[in-house]
file data_6.cif (mmCIF, C-alpha atoms)
data_data
#
loop_
_atom_site.group_PDB
_atom_site.id
_atom_site.type_symbol
_atom_site.label_atom_id
_atom_site.label_comp_id
_atom_site.auth_asym_id
_atom_site.auth_seq_id
_atom_site.Cartn_x
_atom_site.Cartn_y
_atom_site.Cartn_z
ATOM 1 C CA MET A 8 6.619 63.596 -7.821
ATOM 2 C CA ALA A 9 5.743 65.105 -4.435
ATOM 3 C CA THR A 10 7.291 68.459 -3.549
ATOM 4 C CA VAL A 11 10.496 68.027 -1.570
ATOM 5 C CA SER A 12 11.944 70.723 0.673
ATOM 6 C CA PRO A 13 14.568 71.895 0.398
ATOM 7 C CA THR A 14 15.214 71.432 -3.298
ATOM 8 C CA PRO A 15 18.860 70.992 -4.371
ATOM 9 C CA LEU A 16 19.047 74.677 -5.348
ATOM 10 C CA GLN A 17 17.601 75.729 -2.012
ATOM 11 C CA TYR A 18 20.097 73.499 -0.234
ATOM 12 C CA GLU A 19 22.948 75.004 -2.230
ATOM 13 C CA ALA A 20 21.731 78.438 -1.136
ATOM 14 C CA LYS A 21 22.059 77.398 2.512
ATOM 15 C CA TYR A 22 25.812 76.972 2.036
ATOM 16 C CA HIS A 23 26.021 80.402 0.435
ATOM 17 C CA ALA A 24 24.383 82.036 3.472
ATOM 18 C CA ILE A 25 25.787 80.304 6.564
ATOM 19 C CA VAL A 26 24.848 82.197 9.730
ATOM 20 C CA ALA A 27 27.420 81.825 12.523
ATOM 21 C CA ARG A 28 26.855 83.036 16.065
ATOM 22 C CA ALA A 29 29.623 84.973 17.742
ATOM 23 C CA PRO A 30 29.808 85.493 21.523
ATOM 24 C CA GLY A 31 27.182 87.952 22.645
ATOM 25 C CA ALA A 32 24.684 86.465 20.180
ATOM 26 C CA THR A 33 26.033 88.480 17.237
ATOM 27 C CA ARG A 34 25.172 86.843 13.890
ATOM 28 C CA ILE A 35 27.605 86.840 10.973
ATOM 29 C CA THR A 36 26.639 85.563 7.512
ATOM 30 C CA VAL A 37 29.260 84.017 5.226
ATOM 31 C CA ASN A 38 29.400 82.192 1.898
ATOM 32 C CA VAL A 39 30.875 78.679 1.872
ATOM 33 C CA HIS A 40 31.351 77.999 -1.810
ATOM 34 C CA LYS A 41 34.689 76.306 -2.395
ATOM 35 C CA TYR A 42 35.409 72.717 -3.366
ATOM 36 C CA LYS A 43 37.449 70.940 -0.697
ATOM 37 C CA ASN A 44 38.357 67.259 -0.872
ATOM 38 C CA ASN A 45 40.079 65.281 1.872
ATOM 39 C CA SER A 46 41.814 63.035 -0.676
ATOM 40 C CA VAL A 47 43.644 65.987 -2.247
ATOM 41 C CA THR A 48 47.017 66.574 -0.595
ATOM 42 C CA SER A 49 48.076 69.908 -2.109
ATOM 43 C CA GLY A 50 46.645 73.017 -3.736
ATOM 44 C CA ASP A 51 43.493 75.017 -3.058
ATOM 45 C CA HIS A 52 41.232 71.935 -2.963
ATOM 46 C CA SER A 53 43.246 70.224 -0.246
ATOM 47 C CA THR A 54 42.115 70.034 3.382
ATOM 48 C CA VAL A 55 45.630 69.570 4.773
ATOM 49 C CA LEU A 56 46.053 73.172 5.947
ATOM 50 C CA ALA A 57 42.479 73.283 7.224
ATOM 51 C CA LYS A 58 43.167 70.331 9.492
ATOM 52 C CA GLN A 59 46.584 71.587 10.632
ATOM 53 C CA GLU A 60 45.852 75.290 11.056
ATOM 54 C CA ALA A 61 42.153 75.339 11.952
ATOM 55 C CA MET A 62 40.641 71.997 12.983
ATOM 56 C CA LYS A 63 43.349 70.628 15.295
ATOM 57 C CA PRO A 64 43.947 73.926 17.133
ATOM 58 C CA LEU A 65 40.194 74.429 17.612
ATOM 59 C CA ILE A 66 39.644 70.928 18.991
ATOM 60 C CA ALA A 67 42.681 71.370 21.257
ATOM 61 C CA LYS A 68 41.199 74.588 22.666
ATOM 62 C CA ILE A 69 37.850 72.892 23.229
ATOM 63 C CA ARG A 70 39.498 70.011 25.094
ATOM 64 C CA ASP A 71 41.628 72.378 27.205
ATOM 65 C CA ALA A 72 38.555 74.425 28.094
ATOM 66 C CA SER A 73 36.667 71.272 29.051
ATOM 67 C CA LYS A 74 39.532 70.197 31.290
ATOM 68 C CA ALA A 75 39.432 73.557 33.095
ATOM 69 C CA ASP A 76 35.633 73.774 33.235
ATOM 70 C CA MET A 77 35.294 70.271 34.676
ATOM 71 C CA GLY A 78 38.253 70.609 37.054
ATOM 72 C CA ARG A 79 39.997 67.575 35.614
ATOM 73 C CA LYS A 80 43.684 66.721 35.780
ATOM 74 C CA LYS A 81 43.741 65.157 32.325
ATOM 75 C CA ILE A 82 42.567 66.492 28.984
ATOM 76 C CA PRO A 83 39.294 64.759 28.047
ATOM 77 C CA GLN A 84 39.360 62.485 25.028
ATOM 78 C CA GLY A 85 36.590 61.037 22.868
ATOM 79 C CA THR A 86 34.187 62.713 20.476
ATOM 80 C CA HIS A 87 32.029 64.410 23.132
ATOM 81 C CA VAL A 88 33.307 66.905 25.694
ATOM 82 C CA VAL A 89 31.548 69.002 28.324
ATOM 83 C CA LEU A 90 31.936 72.784 28.547
ATOM 84 C CA LYS A 91 30.414 75.527 30.627
ATOM 85 C CA LYS A 92 27.702 77.293 28.667
ATOM 86 C CA GLN A 93 28.289 80.806 27.452
ATOM 87 C CA ALA A 94 26.629 83.389 29.692
ATOM 88 C CA GLU A 95 23.896 84.190 27.157
ATOM 89 C CA ASP A 96 22.926 80.513 26.975
ATOM 90 C CA VAL A 97 22.323 80.067 30.686
ATOM 91 C CA ASN A 98 18.663 80.027 31.659
ATOM 92 C CA GLN A 99 18.562 81.808 34.989
ATOM 93 C CA ALA A 100 15.269 80.106 35.827
ATOM 94 C CA ASP A 101 16.803 76.656 35.441
ATOM 95 C CA TYR A 102 18.625 75.538 38.544
ATOM 96 C CA GLY A 103 18.675 71.841 37.718
ATOM 97 C CA PRO A 104 21.833 69.728 37.718
ATOM 98 C CA GLY A 105 23.979 70.452 34.706
ATOM 99 C CA SER A 106 22.121 73.625 33.764
ATOM 100 C CA LEU A 107 25.402 75.510 33.432
ATOM 101 C CA TYR A 108 26.999 72.931 31.132
ATOM 102 C CA GLU A 109 26.646 71.656 27.582
ATOM 103 C CA THR A 110 27.998 68.682 25.670
ATOM 104 C CA ILE A 111 29.970 69.486 22.538
ATOM 105 C CA ASP A 112 29.971 66.885 19.744
ATOM 106 C CA LEU A 113 33.254 67.070 17.839
ATOM 107 C CA ASN A 114 32.003 65.108 14.806
ATOM 108 C CA PRO A 115 30.456 68.138 13.053
ATOM 109 C CA ILE A 116 33.814 69.878 13.420
ATOM 110 C CA LEU A 117 35.617 66.968 11.773
ATOM 111 C CA ARG A 118 33.127 66.924 8.895
ATOM 112 C CA THR A 119 33.381 70.677 8.400
ATOM 113 C CA TYR A 120 37.135 70.752 7.827
ATOM 114 C CA VAL A 121 37.288 67.790 5.404
ATOM 115 C CA GLY A 122 34.628 68.872 2.907
ATOM 116 C CA LYS A 123 31.786 66.812 4.376
ATOM 117 C CA GLY A 124 29.958 69.335 6.515
ATOM 118 C CA SER A 125 26.282 70.213 6.257
ATOM 119 C CA PRO A 126 25.250 73.883 6.566
ATOM 120 C CA GLU A 127 24.347 73.140 10.195
ATOM 121 C CA ASP A 128 27.733 71.502 10.845
ATOM 122 C CA ILE A 129 29.536 74.512 9.401
ATOM 123 C CA ALA A 130 27.486 77.075 11.343
ATOM 124 C CA PHE A 131 28.121 75.123 14.560
ATOM 125 C CA THR A 132 31.867 74.913 13.876
ATOM 126 C CA LEU A 133 32.195 78.580 12.985
ATOM 127 C CA GLY A 134 30.383 79.469 16.198
ATOM 128 C CA LEU A 135 33.021 77.561 18.143
ATOM 129 C CA ALA A 136 35.864 79.106 16.128
ATOM 130 C CA LEU A 137 34.494 82.530 17.076
ATOM 131 C CA ARG A 138 33.924 81.523 20.691
ATOM 132 C CA PHE A 139 37.520 80.363 21.078
ATOM 133 C CA GLU A 140 38.922 83.349 19.186
ATOM 134 C CA MET A 141 40.318 81.384 16.271
ATOM 135 C CA VAL A 142 39.060 84.200 14.047
ATOM 136 C CA ASP A 143 37.942 87.799 14.588
ATOM 137 C CA ALA A 144 34.202 88.325 14.946
ATOM 138 C CA ASP A 145 33.582 90.396 11.833
ATOM 139 C CA THR A 146 32.260 89.481 8.407
ATOM 140 C CA ALA A 147 35.474 90.094 6.462
ATOM 141 C CA SER A 148 37.605 88.011 8.832
ATOM 142 C CA LEU A 149 35.138 85.146 9.026
ATOM 143 C CA GLN A 150 34.680 85.088 5.246
ATOM 144 C CA GLU A 151 38.444 84.962 4.756
ATOM 145 C CA TYR A 152 38.597 82.097 7.262
ATOM 146 C CA CYS A 153 35.945 80.222 5.283
ATOM 147 C CA ASP A 154 37.709 80.848 1.983
ATOM 148 C CA ASN A 155 40.981 79.582 3.434
ATOM 149 C CA TYR A 156 39.727 76.498 5.209
ATOM 150 C CA LEU A 157 36.170 75.490 4.376
ATOM 151 C CA GLY A 158 34.319 73.943 1.466
ATOM 152 C CA VAL A 159 32.357 70.877 0.447
ATOM 153 C CA ASP A 160 33.147 68.086 -1.983
ATOM 154 C CA CYS A 161 30.741 66.482 -4.441
ATOM 155 C CA SER A 162 29.601 63.543 -2.337
ATOM 156 C CA GLY A 163 29.567 65.715 0.784
ATOM 157 C CA PHE A 164 26.971 67.960 -0.828
ATOM 158 C CA VAL A 165 24.843 65.194 -2.354
ATOM 159 C CA THR A 166 24.906 63.030 0.765
ATOM 160 C CA ASN A 167 24.012 65.874 3.110
ATOM 161 C CA TYR A 168 21.246 66.846 0.715
ATOM 162 C CA ALA A 169 19.854 63.298 0.600
ATOM 163 C CA ASP A 170 19.882 63.197 4.396
ATOM 164 C CA ALA A 171 18.284 66.616 4.862
ATOM 165 C CA ALA A 172 15.605 66.455 2.164
ATOM 166 C CA LEU A 173 14.942 62.751 1.738
ATOM 167 C CA GLY A 174 15.707 61.296 5.158
ATOM 168 C CA ALA A 175 18.405 59.034 3.744
ATOM 169 C CA ARG A 176 20.434 58.665 6.981
ATOM 170 C CA LEU A 177 23.691 58.270 5.088
ATOM 171 C CA ASP A 178 27.080 59.032 6.635
ATOM 172 C CA PRO A 179 28.771 61.857 4.677
ATOM 173 C CA MET A 180 32.173 60.742 5.947
ATOM 174 C CA ASN A 181 31.787 57.256 4.508
ATOM 175 C CA THR A 182 29.587 57.717 1.430
ATOM 176 C CA SER A 183 31.749 58.076 -1.674
ATOM 177 C CA ALA A 184 30.859 59.509 -5.050
ATOM 178 C CA THR A 185 31.287 56.079 -6.641
ATOM 179 C CA SER A 186 28.732 54.563 -4.247
ATOM 180 C CA TYR A 187 26.034 56.501 -6.102
ATOM 181 C CA ARG A 188 26.567 54.301 -9.149
ATOM 182 C CA GLU A 189 24.846 51.484 -7.290
ATOM 183 C CA PRO A 190 22.599 49.663 -6.947
ATOM 184 C CA SER A 191 22.114 49.080 -10.641
ATOM 185 C CA SER A 192 18.402 48.522 -9.997
ATOM 186 C CA LYS A 193 18.028 52.253 -9.302
ATOM 187 C CA ARG A 194 19.645 53.356 -12.565
ATOM 188 C CA ARG A 195 17.545 55.080 -15.185
ATOM 189 C CA GLU A 196 17.528 53.293 -18.531
ATOM 190 C CA LYS A 197 15.750 55.783 -20.772
ATOM 191 C CA ILE A 198 15.706 59.531 -21.254
ATOM 192 C CA GLU A 199 12.030 59.782 -20.348
ATOM 193 C CA GLU A 200 12.620 58.153 -16.955
ATOM 194 C CA ILE A 201 14.870 60.935 -15.663
ATOM 195 C CA GLN A 202 13.436 63.017 -12.814
ATOM 196 C CA ALA A 203 14.313 65.853 -10.502
ATOM 197 C CA LEU A 204 16.305 64.642 -7.462
ATOM 198 C CA ASP A 205 18.035 61.913 -9.485
ATOM 199 C CA ALA A 206 21.786 61.607 -8.933
ATOM 200 C CA LEU A 207 24.346 61.749 -11.729
ATOM 201 C CA ALA A 208 27.202 59.397 -10.833
ATOM 202 C CA TRP A 209 30.190 59.618 -13.157
ATOM 203 C CA ALA A 210 30.959 56.255 -14.753
ATOM 204 C CA THR A 211 34.706 56.753 -15.166
ATOM 205 C CA THR A 212 35.747 59.058 -12.318
ATOM 206 C CA ASN A 213 34.817 59.948 -8.733
ATOM 207 C CA HIS A 214 32.115 62.569 -9.047
ATOM 208 C CA VAL A 215 28.424 62.901 -8.257
ATOM 209 C CA ALA A 216 25.800 65.621 -8.707
ATOM 210 C CA VAL A 217 22.055 65.977 -8.227
ATOM 211 C CA ILE A 218 19.302 67.107 -10.595
ATOM 212 C CA GLU A 219 17.233 70.123 -9.585
ATOM 213 C CA ALA A 220 14.850 70.138 -12.532
ATOM 214 C CA VAL A 221 14.088 68.398 -15.821
ATOM 215 C CA ASP A 222 12.373 70.023 -18.786
ATOM 216 C CA ALA A 223 8.941 68.377 -18.522
ATOM 217 C CA PHE A 224 7.823 69.561 -21.975
ATOM 218 C CA TYR A 225 10.876 67.951 -23.544
ATOM 219 C CA ILE A 226 10.176 64.701 -21.702
ATOM 220 C CA GLU A 227 6.657 64.637 -23.135
ATOM 221 C CA MET A 228 8.101 65.075 -26.634
ATOM 222 C CA VAL A 229 10.484 62.181 -26.016
ATOM 223 C CA LYS A 230 7.631 59.969 -24.838
ATOM 224 C CA GLY A 231 5.618 60.876 -27.909
ATOM 225 C CA HIS A 232 8.394 59.706 -30.171
ATOM 226 C CA GLN A 233 9.330 56.657 -28.075
ATOM 227 C CA GLY A 234 12.684 58.269 -27.350
ATOM 228 C CA LYS A 235 13.932 57.876 -30.910
ATOM 229 C CA ASN A 236 16.533 60.329 -32.223
ATOM 230 C CA PHE A 237 16.091 62.730 -29.334
ATOM 231 C CA LYS A 238 19.001 64.399 -27.599
ATOM 232 C CA GLY A 239 19.722 67.652 -25.843
ATOM 233 C CA LEU A 240 17.360 67.240 -22.863
ATOM 234 C CA PRO A 241 17.954 70.303 -20.643
ATOM 235 C CA ILE A 242 18.395 69.582 -16.940
ATOM 236 C CA THR A 243 19.431 71.842 -14.080
ATOM 237 C CA VAL A 244 22.179 70.242 -12.000
ATOM 238 C CA VAL A 245 23.646 71.208 -8.625
ATOM 239 C CA GLU A 246 27.146 70.033 -7.734
ATOM 240 C CA SER A 247 30.452 70.878 -6.125
ATOM 241 C CA ASN A 248 33.430 70.406 -8.409
ATOM 242 C CA GLY A 249 37.037 71.485 -8.576
ATOM 243 C CA GLY A 250 36.484 73.885 -11.436
ATOM 244 C CA LYS A 251 33.513 75.864 -10.163
ATOM 245 C CA GLY A 252 33.118 74.991 -6.500
ATOM 246 C CA LEU A 253 29.558 74.671 -5.215
ATOM 247 C CA ASN A 254 27.397 75.759 -8.135
ATOM 248 C CA HIS A 255 24.522 74.930 -10.454
ATOM 249 C CA ALA A 256 24.360 74.861 -14.222
ATOM 250 C CA THR A 257 22.324 73.687 -17.171
ATOM 251 C CA TYR A 258 23.328 70.315 -18.547
ATOM 252 C CA THR A 259 22.111 68.748 -21.759
ATOM 253 C CA LEU A 260 21.645 65.021 -22.048
ATOM 254 C CA GLU A 261 23.016 63.922 -25.402
ATOM 255 C CA SER A 262 22.578 60.133 -25.513
ATOM 256 C CA VAL A 263 22.204 56.867 -23.633
ATOM 257 C CA ASN A 264 23.677 53.511 -24.655
ATOM 258 C CA SER A 265 22.596 49.910 -24.163
ATOM 259 C CA HIS A 266 24.518 49.759 -20.866
ATOM 260 C CA HIS A 267 22.437 52.684 -19.533
ATOM 261 C CA VAL A 268 25.383 55.066 -19.572
ATOM 262 C CA PHE A 269 24.285 58.603 -20.447
ATOM 263 C CA LYS A 270 26.427 61.277 -22.041
ATOM 264 C CA VAL A 271 25.900 64.797 -20.700
ATOM 265 C CA HIS A 272 27.313 68.216 -21.511
ATOM 266 C CA ARG A 273 27.830 71.128 -19.112
ATOM 267 C CA SER A 274 26.750 74.519 -20.475
ATOM 268 C CA TYR A 275 30.044 76.186 -19.539
ATOM 269 C CA GLU A 276 32.292 73.621 -21.243
ATOM 270 C CA SER A 277 33.149 73.094 -24.898
ATOM 271 C CA ALA A 278 30.558 71.273 -27.008
ATOM 272 C CA ALA A 279 32.909 68.338 -27.505
ATOM 273 C CA HIS A 280 33.379 67.823 -23.767
ATOM 274 C CA LEU A 281 30.923 65.101 -22.753
ATOM 275 C CA HIS A 282 30.732 63.226 -19.455
ATOM 276 C CA LYS A 283 29.665 59.603 -19.064
ATOM 277 C CA VAL A 284 27.290 59.157 -16.135
ATOM 278 C CA TYR A 285 24.854 56.761 -14.582
ATOM 279 C CA ILE A 286 21.610 58.428 -13.549
ATOM 280 C CA ARG A 287 19.794 56.899 -10.611
ATOM 281 C CA SER A 288 17.100 57.811 -8.147
ATOM 282 C CA LEU A 289 17.926 59.168 -4.715
ATOM 283 C CA PRO A 290 18.310 58.388 -1.920
#

call {"tool": "encode", "arguments": {"input": "data_6.cif", "output": "structure tokens"}}
result
Amino acid sequence: MATVSPTPLQYEAKYHAIVARAPGATRITVNVHKYKNNSVTSGDHSTVLAKQEAMKPLIAKIRDASKADMGRKKIPQGTHVVLKKQAEDVNQADYGPGSLYETIDLNPILRTYVGKGSPEDIAFTLGLALRFEMVDADTASLQEYCDNYLGVDCSGFVTNYADAALGARLDPMNTSATSYREPSSKRREKIEEIQALDALAWATTNHVAVIEAVDAFYIEMVKGHQGKNFKGLPITVVESNGGKGLNHATYTLESVNSHHVFKVHRSYESAAHLHKVYIRSLP
């Protein structure tokens, strides 16, 4: 398989080192590591407070600023609004029409607060939160803001990864974890077919993860024995889940049945805890 950049682990690392720009071109680095899911209505994994306390007030401030900057009587609607550029973004040598203005796309903001944001979406949104003084411009305050309001869910991570690394052009807002079960033609049928960058789509619940690496030596052993009586294939998997947030771990592949459903075990769970998954190629 050709080298793909970034790898799933490298893409995970991007979330753990988001660089947000504060006014004055100050850079602040924060770690976005929590699991947030828009379908959850209460508890730490919910996005309800993020939308009420962070997203809606930020978008309201952006719209109000656009109204003032453009000299309008009504607050602008739609997903794109025009603002005056910050002073440090104005090119003094550019005197063309519109050189003092920029168009702000609100879609990255929406994705960020519902667990579907890419690292770029999150950095962009945090920059606006700092610009409109939704949070103090220091590392501790911005990290607390992230811990309170930001995260990524399982399909948000996998879909953004497929887009960034594999050019998939999927919509993170409308690509569910269960969609990665299909099409059946992409599903792996045998242990020796499994590759890095394959997706693990849970067969009985809404979860998806992506493989970083497969033990190539083990695969060669499996091929040499035609796959008979082999289990325990080590694979490195990157995922965002409710228990660990955005993380990576070693899985072992224990078996596959005639319906091409694999059983896998996470290294940090009890030996008896197995998950039933389909394994299919991305994107």

call {"tool": "closest_residue", "arguments": {"input": "data_6.cif", "among": "A:Leu65, A:Val263, A:Val26, A:Leu240", "to": "Glu196 in chain A", "atoms": "only C-alpha atoms"}}
result
A:Val263

call {"tool": "resolve_selection", "arguments": {"input": "data_6.cif", "expression": "the PyMOL selection byres ((chain A and resi 133) around 10)", "output": "PyMOL selection string"}}
result
chain A and resi 25-29+35+37+116+119+127-132+134-139+141-142+149+152-153+157

call {"tool": "closest_residue", "arguments": {"input": "data_6.cif", "among": "A:Pro290, A:Gly174, A:Gly50, A:Gly31", "to": "Ser12 in chain A", "atoms": "all atoms listed in the file"}}
result
A:Gly174

call {"tool": "closest_residue", "arguments": {"input": "data_6.cif", "among": "A:Ala278, A:Gly231, A:Val88, A:Tyr120", "to": "Glu60 in chain A", "atoms": "only C-alpha atoms"}}
result
A:Tyr120

call {"tool": "resolve_selection", "arguments": {"input": "data_6.cif", "expression": "the PyMOL selection byres ((chain A and resi 158) around 7)", "output": "compact mmCIF listing (two decimals) with C-alpha atoms, in the coordinates of the input"}}
result
# COMPACT_ATOMS: atom_id res chain seq x y z
CA VAL A 39 30.88 78.68 1.87
CA HIS A 40 31.35 78.00 -1.81
CA LYS A 41 34.69 76.31 -2.40
CA TYR A 42 35.41 72.72 -3.37
CA LYS A 43 37.45 70.94 -0.70
CA GLY A 122 34.63 68.87 2.91
CA LEU A 157 36.17 75.49 4.38
CA VAL A 159 32.36 70.88 0.45
CA ASP A 160 33.15 68.09 -1.98

call {"tool": "decode", "arguments": {"input": "data_6.cif", "residues": "range 158-224 of chain A", "atoms": "C-alpha atoms", "output": "PDB file, in the first residue's frame"}}
result
ATOM      1  CA  GLY A 158     -14.744  17.174  21.172  1.00  0.00           C
ATOM      2  CA  VAL A 159     -15.201  14.788  18.276  1.00  0.00           C
ATOM      3  CA  ASP A 160     -17.354  11.702  17.885  1.00  0.00           C
ATOM      4  CA  CYS A 161     -16.351   8.444  16.217  1.00  0.00           C
ATOM      5  CA  SER A 162     -17.692   9.112  12.735  1.00  0.00           C
ATOM      6  CA  GLY A 163     -16.589  12.745  12.943  1.00  0.00           C
ATOM      7  CA  PHE A 164     -12.995  11.610  13.359  1.00  0.00           C
ATOM      8  CA  VAL A 165     -13.073   8.839  10.749  1.00  0.00           C
ATOM      9  CA  THR A 166     -14.910  10.930   8.166  1.00  0.00           C
ATOM     10  CA  ASN A 167     -12.636  13.940   8.557  1.00  0.00           C
ATOM     11  CA  TYR A 168      -9.668  11.601   8.327  1.00  0.00           C
ATOM     12  CA  ALA A 169     -10.971   9.972   5.135  1.00  0.00           C
ATOM     13  CA  ASP A 170     -11.494  13.418   3.628  1.00  0.00           C
ATOM     14  CA  ALA A 171      -8.102  14.786   4.664  1.00  0.00           C
ATOM     15  CA  ALA A 172      -5.914  11.779   3.861  1.00  0.00           C
ATOM     16  CA  LEU A 173      -7.824   9.940   1.158  1.00  0.00           C
ATOM     17  CA  GLY A 174      -9.747  12.687  -0.619  1.00  0.00           C
ATOM     18  CA  ALA A 175     -13.080  11.062   0.183  1.00  0.00           C
ATOM     19  CA  ARG A 176     -15.200  14.256   0.009  1.00  0.00           C
ATOM     20  CA  LEU A 177     -17.657  12.963   2.585  1.00  0.00           C
ATOM     21  CA  ASP A 178     -19.841  15.259   4.686  1.00  0.00           C
ATOM     22  CA  PRO A 179     -18.999  14.783   8.392  1.00  0.00           C
ATOM     23  CA  MET A 180     -22.404  16.154   9.373  1.00  0.00           C
ATOM     24  CA  ASN A 181     -24.259  13.514   7.382  1.00  0.00           C
ATOM     25  CA  THR A 182     -21.970  10.468   7.444  1.00  0.00           C
ATOM     26  CA  SER A 183     -22.978   8.140  10.273  1.00  0.00           C
ATOM     27  CA  ALA A 184     -20.982   5.403  11.938  1.00  0.00           C
ATOM     28  CA  THR A 185     -23.387   2.790  10.569  1.00  0.00           C
ATOM     29  CA  SER A 186     -22.771   3.981   6.998  1.00  0.00           C
ATOM     30  CA  TYR A 187     -19.277   2.497   7.239  1.00  0.00           C
ATOM     31  CA  ARG A 188     -20.778  -0.990   7.307  1.00  0.00           C
ATOM     32  CA  GLU A 189     -21.580  -0.606   3.625  1.00  0.00           C
ATOM     33  CA  PRO A 190     -21.160  -1.347   0.840  1.00  0.00           C
ATOM     34  CA  SER A 191     -20.762  -5.028   1.562  1.00  0.00           C
ATOM     35  CA  SER A 192     -18.455  -5.302  -1.456  1.00  0.00           C
ATOM     36  CA  LYS A 193     -15.788  -3.392   0.490  1.00  0.00           C
ATOM     37  CA  ARG A 194     -15.882  -5.696   3.517  1.00  0.00           C
ATOM     38  CA  ARG A 195     -12.884  -7.851   4.299  1.00  0.00           C
ATOM     39  CA  GLU A 196     -13.669 -11.562   4.398  1.00  0.00           C
ATOM     40  CA  LYS A 197     -10.448 -13.037   5.747  1.00  0.00           C
ATOM     41  CA  ILE A 198      -7.879 -12.141   8.371  1.00  0.00           C
ATOM     42  CA  GLU A 199      -5.094 -11.878   5.808  1.00  0.00           C
ATOM     43  CA  GLU A 200      -6.999  -9.249   3.813  1.00  0.00           C
ATOM     44  CA  ILE A 201      -6.973  -6.664   6.605  1.00  0.00           C
ATOM     45  CA  GLN A 202      -4.860  -3.563   5.951  1.00  0.00           C
ATOM     46  CA  ALA A 203      -3.899  -0.270   7.497  1.00  0.00           C
ATOM     47  CA  LEU A 204      -6.526   2.436   6.821  1.00  0.00           C
ATOM     48  CA  ASP A 205      -9.381  -0.088   6.923  1.00  0.00           C
ATOM     49  CA  ALA A 206     -12.426   0.978   8.937  1.00  0.00           C
ATOM     50  CA  LEU A 207     -13.907  -1.075  11.763  1.00  0.00           C
ATOM     51  CA  ALA A 208     -17.682  -0.589  11.719  1.00  0.00           C
ATOM     52  CA  TRP A 209     -19.483  -2.103  14.693  1.00  0.00           C
ATOM     53  CA  ALA A 210     -22.095  -4.636  13.591  1.00  0.00           C
ATOM     54  CA  THR A 211     -24.494  -4.166  16.503  1.00  0.00           C
ATOM     55  CA  THR A 212     -24.067  -0.543  17.599  1.00  0.00           C
ATOM     56  CA  ASN A 213     -23.201   2.894  16.205  1.00  0.00           C
ATOM     57  CA  HIS A 214     -19.429   3.065  16.301  1.00  0.00           C
ATOM     58  CA  VAL A 215     -16.565   3.248  13.826  1.00  0.00           C
ATOM     59  CA  ALA A 216     -12.769   3.344  14.091  1.00  0.00           C
ATOM     60  CA  VAL A 217      -9.814   3.242  11.716  1.00  0.00           C
ATOM     61  CA  ILE A 218      -6.755   0.987  11.588  1.00  0.00           C
ATOM     62  CA  GLU A 219      -3.342   2.626  11.845  1.00  0.00           C
ATOM     63  CA  ALA A 220      -1.228  -0.494  11.445  1.00  0.00           C
ATOM     64  CA  VAL A 221      -1.437  -4.268  11.070  1.00  0.00           C
ATOM     65  CA  ASP A 222       1.249  -6.707  12.170  1.00  0.00           C
ATOM     66  CA  ALA A 223       2.672  -7.669   8.763  1.00  0.00           C
ATOM     67  CA  PHE A 224       4.682 -10.607  10.146  1.00  0.00           C
TER      68      PHE A 224
END
